[in-house]
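Below: one structure, written as structure tokens.
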Amino acid sequence: MAGTTSSGSATVTLPTDEQILITREFDAPKHLVYKAWTTPELVRRWWSGQRGKVTSVEIDLRVGGRWRYVMVTNDGFEVAFHGEYREIVPNERIVYTEIYEGAELPDAEAPLNTVTFTEVDGRTTLTALMQTTSKELRDTILNSGMEAGMQESLDALEQVAVSLR
């Protein structure tokens, strides 16, 4: 299966009323997927998918460090997310909060994401578990159109990771 990309292949499941689980395989080793996930100039190339242009990527990749991504959508709206890193195991796992800046959500209610990178035979499975504080917040995120944008972003992430070979 080498050389096969996995366009639009992320799966979204709901393990509990407060969780969203995203799983996707990439045709690249985990150190390259991790690098594309954590390097500002690479994040700029994939994070917006086909939805707009990334205008700012700030990453302070350390426990307690903060991150912030900003894009201008194709309709001209600015969209920004930010959070704080809680745990980092290079090439293996990143745990961080994620707040959509348009939601006015208190930091204490920020979803907590656990992203893991697992490699088998040069292909990487990325799992992203989003733990929200309520079913209502989980459903708001699901109903935001998040899945279509996420599929585009992860397709672009794979292209960036493959290009690093």
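Quick note on naming: the chains in the structure tokens go A, B, ... in the order shown, residues restart at 1 in each chain, and ligands are numbered from 1 in order of appearance.
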- [ ] Would you kindly return, as a list in words, each protein, DNA or RNA residue with an atom no farther than 6 Å from any atom of segment 64-80 of chain A, considering only C-alpha atoms and excluding same-chain residues fewer than 2 positions away?
- [x]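 Once the nearby chain positions are removed, what remains is Arg51, Gly52, Lys53, Val54, Thr55, Ser56, Val57, Glu58, Ile59, Asp60, Leu61, Arg62, His82, Gly83, Glu84, Tyr85 and Glu101 of chain A.
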Could you turn the residues from that selection into a file that holds C-alpha atoms, as an mmCIF file, in the first residue's frame?
```cif
data_model
loop_
_atom_site.group_PDB
_atom_site.id
_atom_site.type_symbol
_atom_site.label_atom_id
_atom_site.label_comp_id
_atom_site.auth_asym_id
_atom_site.auth_seq_id
_atom_site.Cartn_x
_atom_site.Cartn_y
_atom_site.Cartn_z
ATOM 1 C CA ARG A 51 -11.238 26.980 3.406
ATOM 2 C CA GLY A 52 -8.969 30.031 3.306
ATOM 3 C CA LYS A 53 -5.462 31.292 4.002
ATOM 4 C CA VAL A 54 -3.533 30.849 7.228
ATOM 5 C CA THR A 55 -2.285 34.263 8.345
ATOM 6 C CA SER A 56 -0.607 33.387 11.652
ATOM 7 C CA VAL A 57 0.783 30.290 13.356
ATOM 8 C CA GLU A 58 2.367 30.613 16.790
ATOM 9 C CA ILE A 59 3.665 27.460 18.491
ATOM 10 C CA ASP A 60 5.520 27.385 21.810
ATOM 11 C CA LEU A 61 5.951 23.606 21.897
ATOM 12 C CA ARG A 62 6.548 22.921 25.579
ATOM 13 C CA HIS A 82 -5.661 28.954 20.632
ATOM 14 C CA GLY A 83 -4.726 26.742 23.529
ATOM 15 C CA GLU A 84 -2.077 25.488 25.899
ATOM 16 C CA TYR A 85 0.118 22.403 25.721
ATOM 17 C CA GLU A 101 -11.945 32.481 19.759
#
```
Neighbour list for Gln50 of chain A as a PDB file with C-alpha atoms, in the first residue's frame, cut-off 8 Å, only C-alpha atoms, skip fewer than 4 positions in-chain:
```pdb
ATOM      1  CA  GLY A 149     -12.916  21.216   7.104  1.00  0.00           C
ATOM      2  CA  GLU A 152      -9.517  18.865   3.977  1.00  0.00           C
ATOM      3  CA  SER A 153      -6.933  19.825   6.597  1.00  0.00           C
TER       4      SER A 153
END
```
Fewer than 4 positions away in the same chain doesn't count, so skip those; otherwise give me all residues within 9 Å of Val120 of chain A, counting only C-alpha atoms, as an mmCIF file with N, CA and C atoms, in the first residue's frame.
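Result saved to selection.cif:
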```cif
data_model
loop_
_atom_site.group_PDB
_atom_site.id
_atom_site.type_symbol
_atom_site.label_atom_id
_atom_site.label_comp_id
_atom_site.auth_asym_id
_atom_site.auth_seq_id
_atom_site.Cartn_x
_atom_site.Cartn_y
_atom_site.Cartn_z
ATOM 1 N N PRO A 29 5.958 8.303 7.635
ATOM 2 C CA PRO A 29 6.358 7.897 8.980
ATOM 3 C C PRO A 29 5.945 8.944 10.020
ATOM 4 N N THR A 124 1.514 6.075 9.265
ATOM 5 C CA THR A 124 1.186 6.606 10.588
ATOM 6 C C THR A 124 -0.318 6.690 10.763
ATOM 7 N N THR A 125 -0.787 6.189 11.891
ATOM 8 C CA THR A 125 -2.167 6.413 12.286
ATOM 9 C C THR A 125 -2.173 7.528 13.318
#
```
Open item on the list: Taking only C-alpha atoms into account, name the residue in A:Ser134, A:Phe81, A:Met150, A:Glu25 that is nearest to Gly102 of chain A.
Closed with: A:Phe81
TODO: Please return as a PyMOL selection string: the residues of segment 67-123 of chain A that backbone DSSP assigns to strand (DSSP E).
DONE: chain A and resi 67-73+78-89+93-97+99-100+112-120+123
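Closest approach to Val63 of chain A among A:Val33, A:Ile94, A:Leu42, A:Leu112 is made by A:Ile94 (distances from only C-alpha atoms).
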Task: Test item: residues at most 12 Å from Thr16 of chain A, only C-alpha atoms, excluding those fewer than 6 positions along its chain, as an MDAnalysis selection string - done: chainID A and resid 129:135 138:139
Next, the residues of the selection above should be written as a PDB file, in the first residue's frame with C-alpha atoms.
```
ATOM      1  CA  LEU A 129      -9.500  12.486  20.983  1.00  0.00           C
ATOM      2  CA  MET A 130     -11.364  15.674  21.899  1.00  0.00           C
ATOM      3  CA  GLN A 131     -12.717  15.653  25.447  1.00  0.00           C
ATOM      4  CA  THR A 132     -15.368  18.336  25.947  1.00  0.00           C
ATOM      5  CA  THR A 133     -17.046  19.405  29.183  1.00  0.00           C
ATOM      6  CA  SER A 134     -20.591  18.633  27.996  1.00  0.00           C
ATOM      7  CA  LYS A 135     -22.675  16.872  25.363  1.00  0.00           C
ATOM      8  CA  ARG A 138     -19.544  18.334  21.745  1.00  0.00           C
ATOM      9  CA  ASP A 139     -22.676  18.643  19.598  1.00  0.00           C
TER      10      ASP A 139
END
```
